[in-house]
Amino acid sequence: MAESFLMEACVDSVESAVNAERGGAGRLELCSSLLEGGLTPSQDQEVEVMRKDIELMKSHGADGLVLGALTEDGQVDAELCMELLAAARPLPITFHRAFDMVNDPVVALETLISLGFQRLLTSGCDNSALEGLPLIKRLIEQAKGRIAIMPGGGINERNLQRILEGSGAEEFHCSARSSRDSAMKFRNTCVTMGATFSAPEYGLKVTDVRKVSSWGCGCFKKQEYWFIWMTKTNSNLDWNIVQGLIKQSYPVTSLNLL
(Lines give C-alpha, C1' and ligand atoms only; values in the text may rest on other atoms or scores of the structure.)
Protein backbone atom coordinates (compact mmCIF):
# COMPACT_ATOMS: atom_id res chain seq x y z
CA MET A 1 0.00 0.00 0.00
CA ALA A 2 1.31 3.44 -0.93
CA GLU A 3 2.59 5.77 1.80
CA SER A 4 0.57 8.71 0.47
CA PHE A 5 -2.49 9.14 -1.68
CA LEU A 6 -3.99 11.79 -3.90
CA MET A 7 -7.59 12.76 -3.20
CA GLU A 8 -9.64 14.08 -6.13
CA ALA A 9 -12.80 15.82 -4.93
CA CYS A 10 -15.70 16.33 -7.34
CA VAL A 11 -17.44 19.64 -6.69
CA ASP A 12 -20.27 21.62 -8.29
CA SER A 13 -19.98 25.03 -6.68
CA VAL A 14 -17.33 27.60 -5.82
CA GLU A 15 -17.99 27.01 -2.11
CA SER A 16 -17.34 23.28 -2.49
CA ALA A 17 -14.18 23.96 -4.52
CA VAL A 18 -12.80 26.26 -1.83
CA ASN A 19 -13.76 23.83 0.95
CA ALA A 20 -12.06 20.93 -0.81
CA GLU A 21 -8.88 22.97 -1.27
CA ARG A 22 -8.94 24.09 2.36
CA GLY A 23 -9.36 20.51 3.48
CA GLY A 24 -6.29 19.40 1.54
CA ALA A 25 -7.68 17.73 -1.59
CA GLY A 26 -5.00 17.27 -4.22
CA ARG A 27 -7.19 17.73 -7.29
CA LEU A 28 -10.71 19.07 -7.90
CA GLU A 29 -13.27 18.00 -10.48
CA LEU A 30 -15.74 20.80 -11.14
CA CYS A 31 -19.04 19.37 -12.40
CA SER A 32 -22.33 20.92 -13.41
CA SER A 33 -24.68 18.05 -12.57
CA LEU A 34 -23.50 15.70 -9.83
CA LEU A 35 -27.08 14.62 -9.12
CA GLU A 36 -27.43 13.28 -12.67
CA GLY A 37 -24.06 11.54 -12.60
CA GLY A 38 -22.93 13.35 -15.73
CA LEU A 39 -24.40 14.61 -18.95
CA THR A 40 -24.35 12.44 -22.04
CA PRO A 41 -23.85 13.72 -25.60
CA SER A 42 -26.09 11.69 -27.87
CA GLN A 43 -26.09 13.71 -31.05
CA ASP A 44 -23.47 15.01 -33.46
CA GLN A 45 -24.39 18.58 -32.55
CA GLU A 46 -23.65 17.88 -28.89
CA VAL A 47 -20.27 16.38 -29.71
CA GLU A 48 -19.47 19.54 -31.66
CA VAL A 49 -20.18 21.56 -28.51
CA MET A 50 -17.64 19.39 -26.73
CA ARG A 51 -15.01 20.06 -29.38
CA LYS A 52 -15.50 23.78 -28.98
CA ASP A 53 -15.34 23.48 -25.19
CA ILE A 54 -11.97 21.73 -25.47
CA GLU A 55 -10.63 24.64 -27.51
CA LEU A 56 -12.10 27.13 -25.07
CA MET A 57 -10.69 25.44 -21.99
CA LYS A 58 -7.24 25.16 -23.57
CA SER A 59 -7.31 28.86 -24.42
CA HIS A 60 -8.09 29.63 -20.77
CA GLY A 61 -5.10 27.70 -19.47
CA ALA A 62 -6.60 24.33 -18.58
CA ASP A 63 -4.21 21.77 -17.07
CA GLY A 64 -6.01 18.66 -18.28
CA LEU A 65 -9.25 17.20 -19.59
CA VAL A 66 -11.66 14.49 -18.53
CA LEU A 67 -13.80 12.77 -21.14
CA GLY A 68 -15.29 9.47 -22.17
CA ALA A 69 -17.36 8.11 -25.04
CA LEU A 70 -18.86 4.71 -25.79
CA THR A 71 -20.40 3.11 -28.85
CA GLU A 72 -23.96 1.84 -28.72
CA ASP A 73 -22.73 -1.71 -28.12
CA GLY A 74 -20.75 -0.79 -25.01
CA GLN A 75 -17.25 -0.42 -26.41
CA VAL A 76 -14.92 2.54 -26.05
CA ASP A 77 -15.62 4.85 -28.98
CA ALA A 78 -12.01 4.83 -30.14
CA GLU A 79 -12.65 6.99 -33.21
CA LEU A 80 -14.29 9.82 -31.27
CA CYS A 81 -11.86 9.57 -28.36
CA MET A 82 -8.91 9.70 -30.75
CA GLU A 83 -10.31 12.87 -32.31
CA LEU A 84 -10.86 14.52 -28.91
CA LEU A 85 -7.45 13.45 -27.64
CA ALA A 86 -5.84 15.03 -30.69
CA ALA A 87 -7.76 18.25 -30.09
CA ALA A 88 -6.69 18.24 -26.43
CA ARG A 89 -2.96 17.69 -26.94
CA PRO A 90 -0.64 18.22 -25.15
CA LEU A 91 -2.89 18.13 -22.07
CA PRO A 92 -3.16 14.92 -19.99
CA ILE A 93 -6.50 13.14 -20.32
CA THR A 94 -8.61 11.07 -17.91
CA PHE A 95 -11.30 8.66 -19.10
CA HIS A 96 -14.15 8.82 -16.61
CA ARG A 97 -16.87 6.48 -15.42
CA ALA A 98 -18.32 5.88 -18.85
CA PHE A 99 -15.90 2.96 -18.44
CA ASP A 100 -18.30 1.42 -15.91
CA MET A 101 -20.80 0.86 -18.72
CA VAL A 102 -18.48 -1.07 -21.07
CA ASN A 103 -19.26 -4.65 -22.07
CA ASP A 104 -15.70 -5.93 -21.54
CA PRO A 105 -13.53 -3.97 -19.07
CA VAL A 106 -10.37 -5.93 -19.85
CA VAL A 107 -10.55 -5.09 -23.55
CA ALA A 108 -11.69 -1.53 -22.83
CA LEU A 109 -8.67 -0.88 -20.58
CA GLU A 110 -6.26 -1.95 -23.30
CA THR A 111 -8.07 0.34 -25.74
CA LEU A 112 -7.66 3.30 -23.38
CA ILE A 113 -3.97 2.56 -22.94
CA SER A 114 -3.41 2.28 -26.68
CA LEU A 115 -5.25 5.57 -27.26
CA GLY A 116 -2.99 7.36 -24.81
CA PHE A 117 -5.20 8.14 -21.80
CA GLN A 118 -3.21 8.91 -18.65
CA ARG A 119 -5.85 7.99 -16.08
CA LEU A 120 -9.06 6.00 -15.63
CA LEU A 121 -11.80 6.83 -13.12
CA THR A 122 -13.89 3.74 -12.30
CA SER A 123 -16.11 2.10 -9.71
CA GLY A 124 -15.11 -1.29 -11.05
CA CYS A 125 -18.22 -1.52 -13.25
CA ASP A 126 -20.44 -1.70 -10.16
CA ASN A 127 -22.67 0.64 -8.16
CA SER A 128 -19.79 1.68 -5.91
CA ALA A 129 -16.03 1.34 -5.72
CA LEU A 130 -16.42 -0.93 -2.70
CA GLU A 131 -18.67 -3.32 -4.60
CA GLY A 132 -16.38 -3.14 -7.61
CA LEU A 133 -13.19 -3.56 -5.59
CA PRO A 134 -12.22 -6.99 -7.01
CA LEU A 135 -12.32 -5.66 -10.58
CA ILE A 136 -10.50 -2.43 -9.63
CA LYS A 137 -7.70 -4.53 -8.17
CA ARG A 138 -7.53 -6.66 -11.35
CA LEU A 139 -7.47 -3.54 -13.53
CA ILE A 140 -4.54 -2.10 -11.57
CA GLU A 141 -2.70 -5.39 -11.96
CA GLN A 142 -3.50 -5.46 -15.68
CA ALA A 143 -2.42 -1.86 -16.17
CA LYS A 144 1.07 -2.45 -14.73
CA GLY A 145 1.64 1.28 -14.43
CA ARG A 146 0.74 2.02 -18.06
CA ILE A 147 -2.27 4.05 -16.92
CA ALA A 148 -3.31 5.28 -13.47
CA ILE A 149 -6.46 3.62 -12.09
CA MET A 150 -8.45 5.89 -9.76
CA PRO A 151 -11.31 4.31 -7.74
CA GLY A 152 -14.42 6.46 -7.42
CA GLY A 153 -18.09 6.01 -6.60
CA GLY A 154 -19.58 5.90 -3.10
CA ILE A 155 -16.24 6.36 -1.32
CA ASN A 156 -16.63 7.59 2.24
CA GLU A 157 -14.88 7.58 5.62
CA ARG A 158 -16.17 4.09 6.40
CA ASN A 159 -14.83 2.31 3.33
CA LEU A 160 -11.88 4.44 2.14
CA GLN A 161 -9.14 2.48 3.87
CA ARG A 162 -10.54 -0.86 2.72
CA ILE A 163 -10.71 0.35 -0.89
CA LEU A 164 -7.17 1.73 -0.90
CA GLU A 165 -5.66 -1.31 0.82
CA GLY A 166 -7.70 -3.77 -1.22
CA SER A 167 -6.99 -2.21 -4.61
CA GLY A 168 -3.43 -0.92 -4.36
CA ALA A 169 -4.55 2.41 -5.86
CA GLU A 170 -2.51 5.56 -5.17
CA GLU A 171 -5.30 8.07 -5.70
CA PHE A 172 -9.06 8.14 -5.22
CA HIS A 173 -12.11 10.19 -6.23
CA CYS A 174 -14.93 11.30 -3.93
CA SER A 175 -17.36 14.14 -3.20
CA ALA A 176 -16.87 14.33 0.61
CA ARG A 177 -20.14 16.24 0.86
CA SER A 178 -22.50 17.00 3.73
CA SER A 179 -26.10 18.17 3.60
CA ARG A 180 -26.97 21.70 4.56
CA ASP A 181 -30.30 23.44 4.87
CA SER A 182 -31.08 26.31 2.51
CA ALA A 183 -30.94 29.89 3.79
CA MET A 184 -34.39 30.56 2.32
CA LYS A 185 -36.91 31.58 4.99
CA PHE A 186 -40.00 31.61 2.78
CA ARG A 187 -40.59 28.19 1.22
CA ASN A 188 -43.19 27.15 -1.30
CA THR A 189 -43.53 23.43 -0.55
CA CYS A 190 -46.02 22.92 -3.40
CA VAL A 191 -43.41 23.36 -6.13
CA THR A 192 -40.50 21.14 -7.15
CA MET A 193 -38.11 22.75 -9.62
CA GLY A 194 -36.93 19.64 -11.38
CA ALA A 195 -37.57 15.93 -11.75
CA THR A 196 -39.64 14.02 -9.22
CA PHE A 197 -36.55 12.36 -7.80
CA SER A 198 -34.42 15.49 -7.73
CA ALA A 199 -32.62 16.80 -4.65
CA PRO A 200 -34.67 18.48 -1.90
CA GLU A 201 -35.68 21.96 -3.06
CA TYR A 202 -34.43 23.62 0.12
CA GLY A 203 -31.39 21.48 0.78
CA LEU A 204 -27.80 21.77 -0.39
CA LYS A 205 -24.95 19.29 -0.77
CA VAL A 206 -21.60 20.97 -0.12
CA THR A 207 -18.08 19.58 0.13
CA ASP A 208 -17.20 19.36 3.81
CA VAL A 209 -13.78 20.73 4.85
CA ARG A 210 -13.67 18.42 7.87
CA LYS A 211 -14.39 15.32 5.80
CA VAL A 212 -11.70 16.16 3.26
CA SER A 213 -9.07 16.81 5.94
CA SER A 214 -10.00 13.86 8.15
CA TRP A 215 -10.06 11.32 5.34
CA GLY A 216 -6.54 12.21 4.42
CA CYS A 217 -5.09 12.28 7.94
CA GLY A 218 -2.21 14.30 6.51
CA CYS A 219 -1.16 11.62 4.02
CA PHE A 220 -2.24 13.31 0.78
CA LYS A 221 0.12 14.01 -2.06
CA LYS A 222 -0.38 17.48 -3.47
CA GLN A 223 -0.89 17.89 -7.19
CA GLU A 224 -2.28 20.45 -9.61
CA TYR A 225 -5.96 21.29 -9.32
CA TRP A 226 -8.09 20.08 -12.18
CA PHE A 227 -11.46 21.66 -12.79
CA ILE A 228 -13.74 19.67 -15.04
CA TRP A 229 -16.98 20.99 -16.45
CA MET A 230 -19.78 18.87 -17.88
CA THR A 231 -21.78 20.45 -20.63
CA LYS A 232 -24.50 19.62 -23.12
CA THR A 233 -26.28 21.13 -26.10
CA ASN A 234 -27.45 24.72 -25.62
CA SER A 235 -25.70 25.02 -22.25
CA ASN A 236 -23.11 27.68 -21.59
CA LEU A 237 -20.04 27.41 -19.41
CA ASP A 238 -20.19 30.00 -16.63
CA TRP A 239 -16.91 31.68 -17.46
CA ASN A 240 -17.40 34.26 -14.71
CA ILE A 241 -16.96 31.42 -12.22
CA VAL A 242 -14.12 29.78 -14.14
CA GLN A 243 -12.21 33.04 -14.57
CA GLY A 244 -12.79 33.85 -10.90
CA LEU A 245 -11.13 30.59 -9.94
CA ILE A 246 -8.22 31.35 -12.26
CA LYS A 247 -7.75 34.69 -10.49
CA GLN A 248 -7.52 32.77 -7.22
CA SER A 249 -4.56 30.87 -8.76
CA TYR A 250 -6.49 27.69 -9.48
CA PRO A 251 -5.35 26.08 -12.74
CA VAL A 252 -8.55 25.17 -14.56
CA THR A 253 -9.43 22.21 -16.74
CA SER A 254 -12.04 21.03 -18.73
CA LEU A 255 -14.89 18.98 -19.91
CA ASN A 256 -16.61 15.75 -19.03
CA LEU A 257 -18.15 13.50 -21.69
CA LEU A 258 -20.08 10.29 -21.08
# chains A, B, ... in the order shown; residues from 1 in each chain; ligands from 1
>>> closest_atom_pairs(of="stretch 3-38 of chain A", to="stretch 51-63 of chain A", cutoff="12 Å", atoms="only C-alpha atoms", output="Markdown table")
| residue | atom | partner | partner_atom | distance |
| --- | --- | --- | --- | --- |
| A:Arg27 | CA | A:Asp63 | CA | 11.0 |
| A:Leu28 | CA | A:Asp63 | CA | 11.6 |
| A:Glu29 | CA | A:Asp63 | CA | 11.8 |
>>> residues_around(residues="stretch 129-133 of chain A", least_positions_apart="2", cutoff="6 Å", atoms="only C-alpha atoms", output="PyMOL selection string")
chain A and resi 123-124+126+135-136+151-153
>>> write_last_selection(atoms="N, CA, C and O atoms", output="CSV table (one decimal), in the first residue's frame")
chain,number,residue,atom,x,y,z
A,123,SER,N,-15.6,2.8,-10.9
A,123,SER,CA,-16.1,2.1,-9.7
A,123,SER,C,-16.0,0.6,-9.9
A,123,SER,O,-16.7,-0.2,-9.1
A,124,GLY,N,-15.2,0.1,-10.8
A,124,GLY,CA,-15.1,-1.3,-11.0
A,124,GLY,C,-16.4,-1.9,-11.7
A,124,GLY,O,-16.7,-3.0,-11.4
A,126,ASP,N,-19.4,-1.4,-11.1
A,126,ASP,CA,-20.4,-1.7,-10.2
A,126,ASP,C,-21.0,-0.4,-9.6
A,126,ASP,O,-20.6,0.7,-10.0
A,135,LEU,N,-12.7,-6.0,-9.2
A,135,LEU,CA,-12.3,-5.7,-10.6
A,135,LEU,C,-11.3,-4.5,-10.6
A,135,LEU,O,-10.4,-4.5,-11.4
A,136,ILE,N,-11.5,-3.5,-9.7
A,136,ILE,CA,-10.5,-2.4,-9.6
A,136,ILE,C,-9.1,-3.0,-9.4
A,136,ILE,O,-8.1,-2.6,-10.0
A,151,PRO,N,-10.0,4.7,-8.2
A,151,PRO,CA,-11.3,4.3,-7.7
A,151,PRO,C,-12.2,5.5,-7.4
A,151,PRO,O,-11.7,6.5,-6.9
A,152,GLY,N,-13.5,5.4,-7.7
A,152,GLY,CA,-14.4,6.5,-7.4
A,152,GLY,C,-15.8,5.9,-7.5
A,152,GLY,O,-16.1,5.0,-8.2
A,153,GLY,N,-16.7,6.5,-6.6
A,153,GLY,CA,-18.1,6.0,-6.6
A,153,GLY,C,-18.4,5.5,-5.2
A,153,GLY,O,-18.1,4.4,-4.8
>>> closest_atom_pairs(of="stretch 139-203 of chain A", to="stretch 95-114 of chain A", cutoff="12 Å", atoms="only C-alpha atoms", output="JSON lines")
{"residue": "A:Leu139", "atom": "CA", "partner": "A:Val106", "partner_atom": "CA", "distance": 7.3}
{"residue": "A:Ile140", "atom": "CA", "partner": "A:Leu109", "partner_atom": "CA", "distance": 10.0}
{"residue": "A:Glu141", "atom": "CA", "partner": "A:Val106", "partner_atom": "CA", "distance": 11.0}
{"residue": "A:Gln142", "atom": "CA", "partner": "A:Val106", "partner_atom": "CA", "distance": 8.0}
{"residue": "A:Ala143", "atom": "CA", "partner": "A:Leu109", "partner_atom": "CA", "distance": 7.7}
{"residue": "A:Lys144", "atom": "CA", "partner": "A:Ile113", "partner_atom": "CA", "distance": 10.9}
{"residue": "A:Gly145", "atom": "CA", "partner": "A:Ile113", "partner_atom": "CA", "distance": 10.3}
{"residue": "A:Arg146", "atom": "CA", "partner": "A:Ile113", "partner_atom": "CA", "distance": 6.8}
{"residue": "A:Ile147", "atom": "CA", "partner": "A:Ile113", "partner_atom": "CA", "distance": 6.4}
{"residue": "A:Ala148", "atom": "CA", "partner": "A:Ile113", "partner_atom": "CA", "distance": 9.9}
{"residue": "A:Ile149", "atom": "CA", "partner": "A:Leu109", "partner_atom": "CA", "distance": 9.9}
{"residue": "A:Met150", "atom": "CA", "partner": "A:His96", "partner_atom": "CA", "distance": 9.4}
{"residue": "A:Pro151", "atom": "CA", "partner": "A:Arg97", "partner_atom": "CA", "distance": 9.7}
{"residue": "A:Gly152", "atom": "CA", "partner": "A:Arg97", "partner_atom": "CA", "distance": 8.4}
{"residue": "A:Gly153", "atom": "CA", "partner": "A:Arg97", "partner_atom": "CA", "distance": 8.9}
{"residue": "A:His173", "atom": "CA", "partner": "A:His96", "partner_atom": "CA", "distance": 10.7}
>>> closest_residue(among="A:Asn159, A:Ser4, A:Ser16, A:Ser167", to="A:Cys31", atoms="only C-alpha atoms")
A:Ser16
>>> atom_distance(atom1="atom CA of A:Arg187", atom2="atom CA of A:Ser175")
27.5 Å
>>> atom_distance(atom1="atom CA of A:Leu85", atom2="atom CA of A:Leu70")
14.5 Å
>>> closest_residue(among="A:Gln118, A:Ser214, A:Asn188, A:Thr207", to="A:Glu21", atoms="only C-alpha atoms")
A:Thr207
>>> select_by_dssp(residues="stretch 3-241 of chain A", states="helix (DSSP H, G or I)", output="JSON, numbers by chain")
{"A": [14, 15, 16, 17, 18, 19, 20, 21, 22, 23, 34, 35, 36, 44, 45, 46, 47, 48, 49, 50, 51, 52, 53, 54, 55, 56, 57, 58, 59, 78, 79, 80, 81, 82, 83, 84, 85, 86, 87, 88, 97, 98, 99, 100, 101, 105, 106, 107, 108, 109, 110, 111, 112, 113, 114, 115, 133, 134, 135, 136, 137, 138, 139, 140, 141, 142, 143, 160, 161, 162, 163, 164, 165, 166, 167, 209, 210, 211, 212, 213, 214, 215, 216, 239, 240, 241]}
>>> select_by_dssp(residues="stretch 18-230 of chain A", states="strand (DSSP E or B)", output="VMD selection string")
chain A and resid 27 to 30 65 to 67 70 76 93 to 95 119 to 122 148 to 152 171 to 174 177 to 181 203 to 207 220 229 to 230
>>> atom_distance(atom1="atom CA of A:Ala87", atom2="atom CA of A:Ser32")
22.3 Å
>>> residues_around(residues="A:Leu204", least_positions_apart="3", cutoff="7 Å", atoms="only C-alpha atoms", output="PyMOL selection string")
chain A and resi 179-182
>>> write_last_selection(atoms="N, CA, C and O atoms", output="mmCIF file, in the first residue's frame")
data_model
loop_
_atom_site.group_PDB
_atom_site.id
_atom_site.type_symbol
_atom_site.label_atom_id
_atom_site.label_comp_id
_atom_site.auth_asym_id
_atom_site.auth_seq_id
_atom_site.Cartn_x
_atom_site.Cartn_y
_atom_site.Cartn_z
ATOM 1 N N SER A 179 -24.862 17.460 3.897
ATOM 2 C CA SER A 179 -26.099 18.173 3.604
ATOM 3 C C SER A 179 -26.205 19.428 4.457
ATOM 4 O O SER A 179 -25.769 19.451 5.610
ATOM 5 N N ARG A 180 -26.781 20.448 3.848
ATOM 6 C CA ARG A 180 -26.974 21.701 4.564
ATOM 7 C C ARG A 180 -28.307 22.298 4.170
ATOM 8 O O ARG A 180 -28.701 22.244 3.007
ATOM 9 N N ASP A 181 -29.005 22.861 5.136
ATOM 10 C CA ASP A 181 -30.302 23.444 4.870
ATOM 11 C C ASP A 181 -30.150 24.769 4.128
ATOM 12 O O ASP A 181 -29.188 25.515 4.344
ATOM 13 N N SER A 182 -31.093 25.059 3.256
ATOM 14 C CA SER A 182 -31.082 26.311 2.508
ATOM 15 C C SER A 182 -31.272 27.499 3.445
ATOM 16 O O SER A 182 -31.900 27.393 4.504
#
